[in-house]
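A.B. asks: One structure follows; several queries about it will come next.
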Amino acid sequence: MRTNETVSLLCNHVSVRDFTGEPIAPEDFDAIIEAARASSSTCFLQLTSIVRVTDPEKRAKMAVYAGNQAQVVNAAEFIVFCVDFRRDLRVCGEADLGWAEQLVAGCVDTGIMAQSALTAAESLGLGGCFIGGLRNHIREVGELLELPEHTFALVGLTLGHPAKRNDLKPRIPVSMLLSENAYRDATDEELAAYDKVLTNYYGDRGMPGTTWKGKLDPILARERRPFVQAYLNEQGFNRK
Ligand SMILES: Cc1cc2nc3c(=O)[nH]c(=O)nc-3n(C[C@H](O)[C@H](O)[C@H](O)COP(=O)(O)O)c2cc1C
């Protein structure tokens, strides 16, 4: 495999949740936002807005909304990536909004931009972690950040100087990730082999006996934020 500084940076990504408390230099923060701003965008619709949360009271509330995640308070920066069709609607008053496809486009644009920000931060020696947990209270987050109709908070990002870095988390192998010309189901043997890899990884991280299924069950084998659908509908998304 060929590598370079960028490939190596991406391959060595780990989420950082513990920070030193040192602030991020303003020029570094600006670089992160500029890098995010340069991201690709569906039909150049530019479907994202970012809210930087500096108010300590709002940060504390966001941490609770995200499921009591201390990193939201302890990080040097916490920024929230929002899907935003409002700006386009203001420019194009005839915009026919509410299509499921538009929701998908907004999430793709916003996810791509969020990753650009994290990669830029990591390239500057910083670390961070996405906070999807804020969707535990997606409505309250929207109210706190005063998000109007045709917008919603998709994901947050903590950023700061790393105090601790986890080991690399082993991803599914390329053989399971990449197929040619058509989708290929993983074999039972491939699934079992990766389960072994993950179980070993969690064992090394002090969670012996934790399996792939054991990690998926609490997330997938139950109802998942059922209030999100009604909230998105109210905000003008996914109505048709
Ligand atoms: C959209 C998204 C939301 C996430 N939300 C959270 C979160 O709320 N809290 C958290 O600690 N990690 C969160 N993560 C980080 C993942 O847990 C992490 O990326 C994954 O376990 C792989 O670990 P790594 O990034 O260290 O390789 C999120 C990641 C993504 C992409």
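Labels used: A, B, ... for chains in the order of the structure tokens, numbers from 1 for residues in each chain, and numbers from 1 for ligands as shown.
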Contacts between ligand 1 and chain A, please, where a residue of chain A counts if it comes within 6 Å (with only C-alpha atoms and all ligand atoms); show its shortest atom pair and distance in Å to one decimal, rows by chain and ascending number, as a Markdown table.

C.D. replies:
```
| residue | atom | partner | partner_atom_place_in_ligand_line | distance |
| --- | --- | --- | --- | --- |
| A:His13 | CA | ligand 1 | 27 (O) | 5.9 |
| A:Val14 | CA | ligand 1 | 26 (O) | 3.5 |
| A:Ser15 | CA | ligand 1 | 26 (O) | 3.7 |
| A:Cys129 | CA | ligand 1 | 15 (C) | 5.7 |
| A:Phe130 | CA | ligand 1 | 28 (C) | 4.4 |
| A:Ile131 | CA | ligand 1 | 8 (O) | 3.4 |
| A:Gly132 | CA | ligand 1 | 5 (N) | 3.6 |
| A:Gly133 | CA | ligand 1 | 8 (O) | 3.7 |
| A:Leu168 | CA | ligand 1 | 27 (O) | 6.0 |
| A:Lys169 | CA | ligand 1 | 27 (O) | 4.9 |
```

A.B. asks: If you keep all heavy atoms, can you produce a file of those selected residues as a PDB file, in the first residue's frame?

C.D. replies:
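result36.pdb, freshly written:
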```
ATOM      1  N   HIS A  13      -6.382   7.527  12.658  1.00  0.00           N
ATOM      2  CA  HIS A  13      -7.439   8.219  13.407  1.00  0.00           C
ATOM      3  C   HIS A  13      -7.877   7.416  14.635  1.00  0.00           C
ATOM      4  O   HIS A  13      -8.122   6.211  14.557  1.00  0.00           O
ATOM      5  CB  HIS A  13      -8.668   8.446  12.521  1.00  0.00           C
ATOM      6  CG  HIS A  13      -9.907   8.622  13.346  1.00  0.00           C
ATOM      7  ND1 HIS A  13     -10.219   9.806  13.980  1.00  0.00           N
ATOM      8  CD2 HIS A  13     -10.878   7.742  13.704  1.00  0.00           C
ATOM      9  CE1 HIS A  13     -11.330   9.652  14.666  1.00  0.00           C
ATOM     10  NE2 HIS A  13     -11.761   8.410  14.532  1.00  0.00           N
ATOM     11  N   VAL A  14      -7.962   8.091  15.754  1.00  0.00           N
ATOM     12  CA  VAL A  14      -8.712   7.569  16.910  1.00  0.00           C
ATOM     13  C   VAL A  14      -9.491   8.738  17.500  1.00  0.00           C
ATOM     14  O   VAL A  14      -9.037   9.884  17.445  1.00  0.00           O
ATOM     15  CB  VAL A  14      -7.827   6.964  18.033  1.00  0.00           C
ATOM     16  CG1 VAL A  14      -7.235   5.636  17.633  1.00  0.00           C
ATOM     17  CG2 VAL A  14      -6.758   7.931  18.482  1.00  0.00           C
ATOM     18  N   SER A  15     -10.657   8.448  18.049  1.00  0.00           N
ATOM     19  CA  SER A  15     -11.398   9.489  18.742  1.00  0.00           C
ATOM     20  C   SER A  15     -10.686   9.826  20.041  1.00  0.00           C
ATOM     21  O   SER A  15     -10.247   8.930  20.757  1.00  0.00           O
ATOM     22  CB  SER A  15     -12.821   9.013  19.051  1.00  0.00           C
ATOM     23  OG  SER A  15     -13.536   8.808  17.860  1.00  0.00           O
ATOM     24  N   CYS A 129     -13.778  14.188  19.041  1.00  0.00           N
ATOM     25  CA  CYS A 129     -14.722  13.074  18.997  1.00  0.00           C
ATOM     26  C   CYS A 129     -16.092  13.601  18.568  1.00  0.00           C
ATOM     27  O   CYS A 129     -16.551  14.624  19.082  1.00  0.00           O
ATOM     28  CB  CYS A 129     -14.811  12.430  20.380  1.00  0.00           C
ATOM     29  SG  CYS A 129     -15.908  11.006  20.444  1.00  0.00           S
ATOM     30  N   PHE A 130     -16.700  12.883  17.650  1.00  0.00           N
ATOM     31  CA  PHE A 130     -18.073  13.252  17.267  1.00  0.00           C
ATOM     32  C   PHE A 130     -19.015  12.954  18.415  1.00  0.00           C
ATOM     33  O   PHE A 130     -18.806  12.004  19.178  1.00  0.00           O
ATOM     34  CB  PHE A 130     -18.506  12.482  16.015  1.00  0.00           C
ATOM     35  CG  PHE A 130     -17.771  12.910  14.780  1.00  0.00           C
ATOM     36  CD1 PHE A 130     -16.974  12.025  14.077  1.00  0.00           C
ATOM     37  CD2 PHE A 130     -17.867  14.211  14.330  1.00  0.00           C
ATOM     38  CE1 PHE A 130     -16.280  12.433  12.946  1.00  0.00           C
ATOM     39  CE2 PHE A 130     -17.178  14.634  13.199  1.00  0.00           C
ATOM     40  CZ  PHE A 130     -16.381  13.732  12.504  1.00  0.00           C
ATOM     41  N   ILE A 131     -20.055  13.738  18.516  1.00  0.00           N
ATOM     42  CA  ILE A 131     -21.058  13.551  19.574  1.00  0.00           C
ATOM     43  C   ILE A 131     -22.435  13.418  18.921  1.00  0.00           C
ATOM     44  O   ILE A 131     -23.159  14.402  18.735  1.00  0.00           O
ATOM     45  CB  ILE A 131     -21.035  14.733  20.582  1.00  0.00           C
ATOM     46  CG1 ILE A 131     -19.633  14.920  21.189  1.00  0.00           C
ATOM     47  CG2 ILE A 131     -22.080  14.518  21.682  1.00  0.00           C
ATOM     48  CD1 ILE A 131     -19.176  13.793  22.104  1.00  0.00           C
ATOM     49  N   GLY A 132     -22.757  12.166  18.582  1.00  0.00           N
ATOM     50  CA  GLY A 132     -24.100  11.887  18.074  1.00  0.00           C
ATOM     51  C   GLY A 132     -25.086  11.811  19.221  1.00  0.00           C
ATOM     52  O   GLY A 132     -26.298  11.918  19.022  1.00  0.00           O
ATOM     53  N   GLY A 133     -24.534  11.661  20.435  1.00  0.00           N
ATOM     54  CA  GLY A 133     -25.368  11.556  21.629  1.00  0.00           C
ATOM     55  C   GLY A 133     -26.301  12.743  21.797  1.00  0.00           C
ATOM     56  O   GLY A 133     -27.327  12.639  22.479  1.00  0.00           O
ATOM     57  N   LEU A 168      -5.547   2.154  18.230  1.00  0.00           N
ATOM     58  CA  LEU A 168      -6.377   2.105  17.023  1.00  0.00           C
ATOM     59  C   LEU A 168      -7.438   1.029  17.176  1.00  0.00           C
ATOM     60  O   LEU A 168      -7.140  -0.062  17.667  1.00  0.00           O
ATOM     61  CB  LEU A 168      -5.527   1.765  15.794  1.00  0.00           C
ATOM     62  CG  LEU A 168      -4.532   2.806  15.287  1.00  0.00           C
ATOM     63  CD1 LEU A 168      -3.925   2.330  13.970  1.00  0.00           C
ATOM     64  CD2 LEU A 168      -5.197   4.154  15.104  1.00  0.00           C
ATOM     65  N   LYS A 169      -8.651   1.334  16.772  1.00  0.00           N
ATOM     66  CA  LYS A 169      -9.741   0.364  16.849  1.00  0.00           C
ATOM     67  C   LYS A 169      -9.791  -0.388  15.519  1.00  0.00           C
ATOM     68  O   LYS A 169      -9.913   0.257  14.462  1.00  0.00           O
ATOM     69  CB  LYS A 169     -11.048   1.136  17.060  1.00  0.00           C
ATOM     70  CG  LYS A 169     -12.072   0.437  17.908  1.00  0.00           C
ATOM     71  CD  LYS A 169     -13.269   1.365  18.064  1.00  0.00           C
ATOM     72  CE  LYS A 169     -13.927   1.191  19.396  1.00  0.00           C
ATOM     73  NZ  LYS A 169     -15.089   2.052  19.571  1.00  0.00           N
TER      74      LYS A 169
END
```

A.B. asks: Go through stretch 63-118 of chain A and flag each residue having an atom no more than 12 Å from stretch 35-53 of chain A; for those, report the closest pair of atoms plus their distance in Å to one decimal, using only C-alpha atoms, ordered by chain and rising number, as JSON lines.

C.D. replies:
```
{"residue": "A:Ala63", "atom": "CA", "partner": "A:Val53", "partner_atom": "CA", "distance": 11.1}
{"residue": "A:Val72", "atom": "CA", "partner": "A:Val53", "partner_atom": "CA", "distance": 9.7}
{"residue": "A:Val73", "atom": "CA", "partner": "A:Val53", "partner_atom": "CA", "distance": 9.9}
{"residue": "A:Ala75", "atom": "CA", "partner": "A:Val53", "partner_atom": "CA", "distance": 10.9}
{"residue": "A:Ala76", "atom": "CA", "partner": "A:Val53", "partner_atom": "CA", "distance": 10.3}
{"residue": "A:Glu77", "atom": "CA", "partner": "A:Val53", "partner_atom": "CA", "distance": 7.4}
{"residue": "A:Phe78", "atom": "CA", "partner": "A:Val53", "partner_atom": "CA", "distance": 5.6}
{"residue": "A:Ile79", "atom": "CA", "partner": "A:Arg52", "partner_atom": "CA", "distance": 4.4}
{"residue": "A:Val80", "atom": "CA", "partner": "A:Val51", "partner_atom": "CA", "distance": 5.1}
{"residue": "A:Phe81", "atom": "CA", "partner": "A:Ile50", "partner_atom": "CA", "distance": 4.7}
{"residue": "A:Cys82", "atom": "CA", "partner": "A:Ser49", "partner_atom": "CA", "distance": 5.2}
{"residue": "A:Val83", "atom": "CA", "partner": "A:Thr48", "partner_atom": "CA", "distance": 4.8}
{"residue": "A:Asp84", "atom": "CA", "partner": "A:Leu47", "partner_atom": "CA", "distance": 4.9}
{"residue": "A:Phe85", "atom": "CA", "partner": "A:Leu47", "partner_atom": "CA", "distance": 5.8}
{"residue": "A:Arg86", "atom": "CA", "partner": "A:Leu47", "partner_atom": "CA", "distance": 8.7}
{"residue": "A:Arg87", "atom": "CA", "partner": "A:Leu47", "partner_atom": "CA", "distance": 8.3}
{"residue": "A:Asp88", "atom": "CA", "partner": "A:Leu45", "partner_atom": "CA", "distance": 7.2}
{"residue": "A:Leu89", "atom": "CA", "partner": "A:Leu45", "partner_atom": "CA", "distance": 10.5}
{"residue": "A:Val91", "atom": "CA", "partner": "A:Leu45", "partner_atom": "CA", "distance": 11.0}
{"residue": "A:Cys92", "atom": "CA", "partner": "A:Leu45", "partner_atom": "CA", "distance": 11.1}
{"residue": "A:Ala95", "atom": "CA", "partner": "A:Leu45", "partner_atom": "CA", "distance": 11.7}
{"residue": "A:Glu101", "atom": "CA", "partner": "A:Thr42", "partner_atom": "CA", "distance": 11.2}
{"residue": "A:Gln102", "atom": "CA", "partner": "A:Leu47", "partner_atom": "CA", "distance": 9.4}
{"residue": "A:Leu103", "atom": "CA", "partner": "A:Leu47", "partner_atom": "CA", "distance": 9.8}
{"residue": "A:Val104", "atom": "CA", "partner": "A:Thr42", "partner_atom": "CA", "distance": 10.1}
{"residue": "A:Ala105", "atom": "CA", "partner": "A:Thr42", "partner_atom": "CA", "distance": 6.4}
{"residue": "A:Gly106", "atom": "CA", "partner": "A:Leu47", "partner_atom": "CA", "distance": 5.4}
{"residue": "A:Cys107", "atom": "CA", "partner": "A:Leu47", "partner_atom": "CA", "distance": 8.3}
{"residue": "A:Val108", "atom": "CA", "partner": "A:Thr42", "partner_atom": "CA", "distance": 8.0}
{"residue": "A:Asp109", "atom": "CA", "partner": "A:Ser41", "partner_atom": "CA", "distance": 5.4}
{"residue": "A:Thr110", "atom": "CA", "partner": "A:Thr48", "partner_atom": "CA", "distance": 5.3}
{"residue": "A:Gly111", "atom": "CA", "partner": "A:Thr48", "partner_atom": "CA", "distance": 9.1}
{"residue": "A:Ile112", "atom": "CA", "partner": "A:Ser39", "partner_atom": "CA", "distance": 6.9}
{"residue": "A:Met113", "atom": "CA", "partner": "A:Ala36", "partner_atom": "CA", "distance": 5.0}
{"residue": "A:Ala114", "atom": "CA", "partner": "A:Ala36", "partner_atom": "CA", "distance": 6.7}
{"residue": "A:Gln115", "atom": "CA", "partner": "A:Ala36", "partner_atom": "CA", "distance": 7.8}
{"residue": "A:Ser116", "atom": "CA", "partner": "A:Ala36", "partner_atom": "CA", "distance": 5.0}
{"residue": "A:Ala117", "atom": "CA", "partner": "A:Ala36", "partner_atom": "CA", "distance": 4.8}
{"residue": "A:Leu118", "atom": "CA", "partner": "A:Ala36", "partner_atom": "CA", "distance": 8.5}
```

A.B. asks: Mind giving me the straight-line distance from atom CA of A:Leu154 to atom CA of A:Lys61 in Å, one decimal?

C.D. replies: 16.7 Å

A.B. asks: Identify, on the basis of only C-alpha atoms, every residue whose closest approach to A:Thr210 does not exceed 12 Å; exclude the query and any residue fewer than 5 positions from it along the same chain; express the result as a ChimeraX atom specification.

C.D. replies: /A:195-205,215-217

A.B. asks: Take the residues just selected and output them with all heavy atoms as a CSV table (one decimal), in the first residue's frame.

C.D. replies:
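Written file, out_3.csv:
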```
chain,number,residue,atom,x,y,z
A,195,ASP,N,-15.2,-10.9,14.6
A,195,ASP,CA,-15.7,-11.0,15.9
A,195,ASP,C,-14.5,-11.3,16.9
A,195,ASP,O,-14.4,-10.7,18.0
A,195,ASP,CB,-16.8,-12.0,16.1
A,195,ASP,CG,-17.4,-12.1,17.5
A,195,ASP,OD1,-17.5,-11.0,18.1
A,195,ASP,OD2,-17.6,-13.2,18.0
A,196,LYS,N,-13.7,-12.2,16.5
A,196,LYS,CA,-12.5,-12.6,17.3
A,196,LYS,C,-11.5,-11.4,17.4
A,196,LYS,O,-11.0,-11.1,18.5
A,196,LYS,CB,-11.8,-13.8,16.6
A,196,LYS,CG,-11.0,-14.6,17.6
A,196,LYS,CD,-10.5,-15.9,16.9
A,196,LYS,CE,-11.4,-17.1,17.1
A,196,LYS,NZ,-10.9,-18.3,16.4
A,197,VAL,N,-11.3,-10.7,16.3
A,197,VAL,CA,-10.4,-9.5,16.4
A,197,VAL,C,-11.0,-8.5,17.3
A,197,VAL,O,-10.2,-8.0,18.2
A,197,VAL,CB,-10.3,-8.9,14.9
A,197,VAL,CG1,-9.6,-7.5,15.0
A,197,VAL,CG2,-9.6,-9.8,14.0
A,198,LEU,N,-12.3,-8.2,17.3
A,198,LEU,CA,-12.9,-7.2,18.2
A,198,LEU,C,-12.9,-7.7,19.6
A,198,LEU,O,-12.6,-6.9,20.5
A,198,LEU,CB,-14.3,-6.9,17.7
A,198,LEU,CG,-14.6,-5.8,16.7
A,198,LEU,CD1,-16.1,-5.5,16.7
A,198,LEU,CD2,-13.8,-4.6,17.1
A,199,THR,N,-13.2,-8.9,19.8
A,199,THR,CA,-13.2,-9.5,21.2
A,199,THR,C,-11.8,-9.3,21.8
A,199,THR,O,-11.7,-8.9,23.0
A,199,THR,CB,-13.7,-10.9,21.2
A,199,THR,OG1,-14.9,-11.0,20.6
A,199,THR,CG2,-13.8,-11.5,22.6
A,200,ASN,N,-10.8,-9.6,21.1
A,200,ASN,CA,-9.4,-9.4,21.6
A,200,ASN,C,-9.1,-8.0,21.9
A,200,ASN,O,-8.5,-7.6,22.9
A,200,ASN,CB,-8.4,-9.9,20.5
A,200,ASN,CG,-8.4,-11.5,20.4
A,200,ASN,OD1,-8.8,-12.1,21.4
A,200,ASN,ND2,-7.9,-12.0,19.3
A,201,TYR,N,-9.6,-7.1,20.9
A,201,TYR,CA,-9.3,-5.7,21.1
A,201,TYR,C,-10.0,-5.2,22.4
A,201,TYR,O,-9.4,-4.5,23.2
A,201,TYR,CB,-9.9,-4.9,19.9
A,201,TYR,CG,-10.0,-3.4,20.2
A,201,TYR,CD1,-8.9,-2.6,20.1
A,201,TYR,CD2,-11.2,-2.9,20.5
A,201,TYR,CE1,-9.0,-1.2,20.3
A,201,TYR,CE2,-11.4,-1.5,20.7
A,201,TYR,CZ,-10.3,-0.7,20.7
A,201,TYR,OH,-10.4,0.7,20.9
A,202,TYR,N,-11.2,-5.6,22.6
A,202,TYR,CA,-11.9,-5.1,23.8
A,202,TYR,C,-11.3,-5.8,25.1
A,202,TYR,O,-11.2,-5.1,26.1
A,202,TYR,CB,-13.4,-5.4,23.8
A,202,TYR,CG,-14.2,-4.5,22.8
A,202,TYR,CD1,-14.9,-5.1,21.7
A,202,TYR,CD2,-14.1,-3.1,22.9
A,202,TYR,CE1,-15.5,-4.2,20.8
A,202,TYR,CE2,-14.8,-2.3,22.0
A,202,TYR,CZ,-15.5,-2.9,21.0
A,202,TYR,OH,-16.1,-2.0,20.1
A,203,GLY,N,-10.9,-7.0,25.0
A,203,GLY,CA,-10.2,-7.6,26.1
A,203,GLY,C,-8.9,-6.8,26.5
A,203,GLY,O,-8.7,-6.6,27.7
A,204,ASP,N,-8.2,-6.4,25.5
A,204,ASP,CA,-7.0,-5.6,25.8
A,204,ASP,C,-7.3,-4.2,26.4
A,204,ASP,O,-6.5,-3.6,27.1
A,204,ASP,CB,-6.2,-5.3,24.5
A,204,ASP,CG,-5.5,-6.6,23.9
A,204,ASP,OD1,-5.5,-7.6,24.7
A,204,ASP,OD2,-5.1,-6.6,22.8
A,205,ARG,N,-8.5,-3.8,26.1
A,205,ARG,CA,-9.0,-2.5,26.7
A,205,ARG,C,-9.7,-2.6,28.0
A,205,ARG,O,-10.4,-1.7,28.4
A,205,ARG,CB,-9.8,-1.7,25.7
A,205,ARG,CG,-9.0,-1.0,24.6
A,205,ARG,CD,-9.8,-0.1,23.8
A,205,ARG,NE,-10.4,1.1,24.5
A,205,ARG,CZ,-11.1,2.0,23.9
A,205,ARG,NH1,-11.4,2.0,22.6
A,205,ARG,NH2,-11.5,3.1,24.6
A,215,LYS,N,-21.6,-5.6,21.5
A,215,LYS,CA,-21.5,-4.1,21.3
A,215,LYS,C,-22.7,-3.6,20.5
A,215,LYS,O,-23.2,-2.5,20.7
A,215,LYS,CB,-20.2,-3.8,20.5
A,215,LYS,CG,-19.0,-3.6,21.4
A,215,LYS,CD,-19.3,-2.5,22.4
A,215,LYS,CE,-18.1,-1.8,22.9
A,215,LYS,NZ,-18.4,-0.7,23.9
A,216,LEU,N,-23.2,-4.4,19.6
A,216,LEU,CA,-24.3,-4.0,18.7
A,216,LEU,C,-25.7,-4.0,19.4
A,216,LEU,O,-26.5,-3.2,19.2
A,216,LEU,CB,-24.4,-4.8,17.4
A,216,LEU,CG,-23.2,-4.8,16.5
A,216,LEU,CD1,-23.5,-5.6,15.2
A,216,LEU,CD2,-22.8,-3.4,16.1
A,217,ASP,N,-25.8,-5.1,20.2
A,217,ASP,CA,-27.1,-5.3,20.9
A,217,ASP,C,-27.8,-4.1,21.5
A,217,ASP,O,-28.9,-3.7,21.2
A,217,ASP,CB,-27.0,-6.4,21.9
A,217,ASP,CG,-27.3,-7.8,21.3
A,217,ASP,OD1,-27.7,-7.8,20.1
A,217,ASP,OD2,-27.0,-8.8,21.9
```

A.B. asks: In stretch 57-219 of chain A, what's strand (DSSP E or B) per DSSP? Answer as a list in words?

C.D. replies: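 For stretch 57-219 of chain A, the strand (DSSP E or B) set is Glu77, Phe78, Ile79, Val80, Phe81, Cys82, Val83, Asp84, Gly127, Gly128, Cys129, Phe130, Ile131, Thr151, Phe152, Ala153, Leu154, Val155, Gly156, Leu157, Thr158, Leu159, Gly160 and Pro162 of chain A.
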
A.B. asks: Taking only C-alpha atoms into account, which of A:Thr119, A:Asn4, A:Asn238, A:Asn12 comes nearest A:Pro170?

C.D. replies: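 For A:Pro170, the nearest of the candidates is A:Asn12.
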
A.B. asks: To one decimal in Å, tell me the separation between atom CA of A:Leu10 and atom CA of A:Pro173.

C.D. replies: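 Separation between atom CA of A:Leu10 and atom CA of A:Pro173: 15.7 Å.
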
A.B. asks: Determine, counting only C-alpha atoms, which protein, DNA and RNA residues have an atom within 12 Å of an atom of A:Glu22; residues of the same chain fewer than 6 positions away are not included. Present the result as a PyMOL selection string.

C.D. replies: chain A and resi 74-77+126+159-163

A.B. asks: Per DSSP on the backbone, filter stretch 75-158 of chain A down to the residues in alpha helix (DSSP H) and report them as a PyMOL selection string.

C.D. replies: chain A and resi 86-91+100-123+138-144

A.B. asks: Excluding A:Gly236 and any residue of its chain fewer than 3 positions from it, enumerate the residues within 6 Å of it, using only C-alpha atoms, and give them as a PyMOL selection string.

C.D. replies: chain A and resi 98+150+233

A.B. asks: Would you please work out which residue, of A:Ala70, A:Ile172, A:Ala153, A:Ala60, is nearest to A:Phe19 when using only C-alpha atoms?

C.D. replies: A:Ala70

A.B. asks: One number please: atom CA of A:Thr158 to atom CA of A:Arg17, in Å, one decimal.

C.D. replies: 7.8 Å
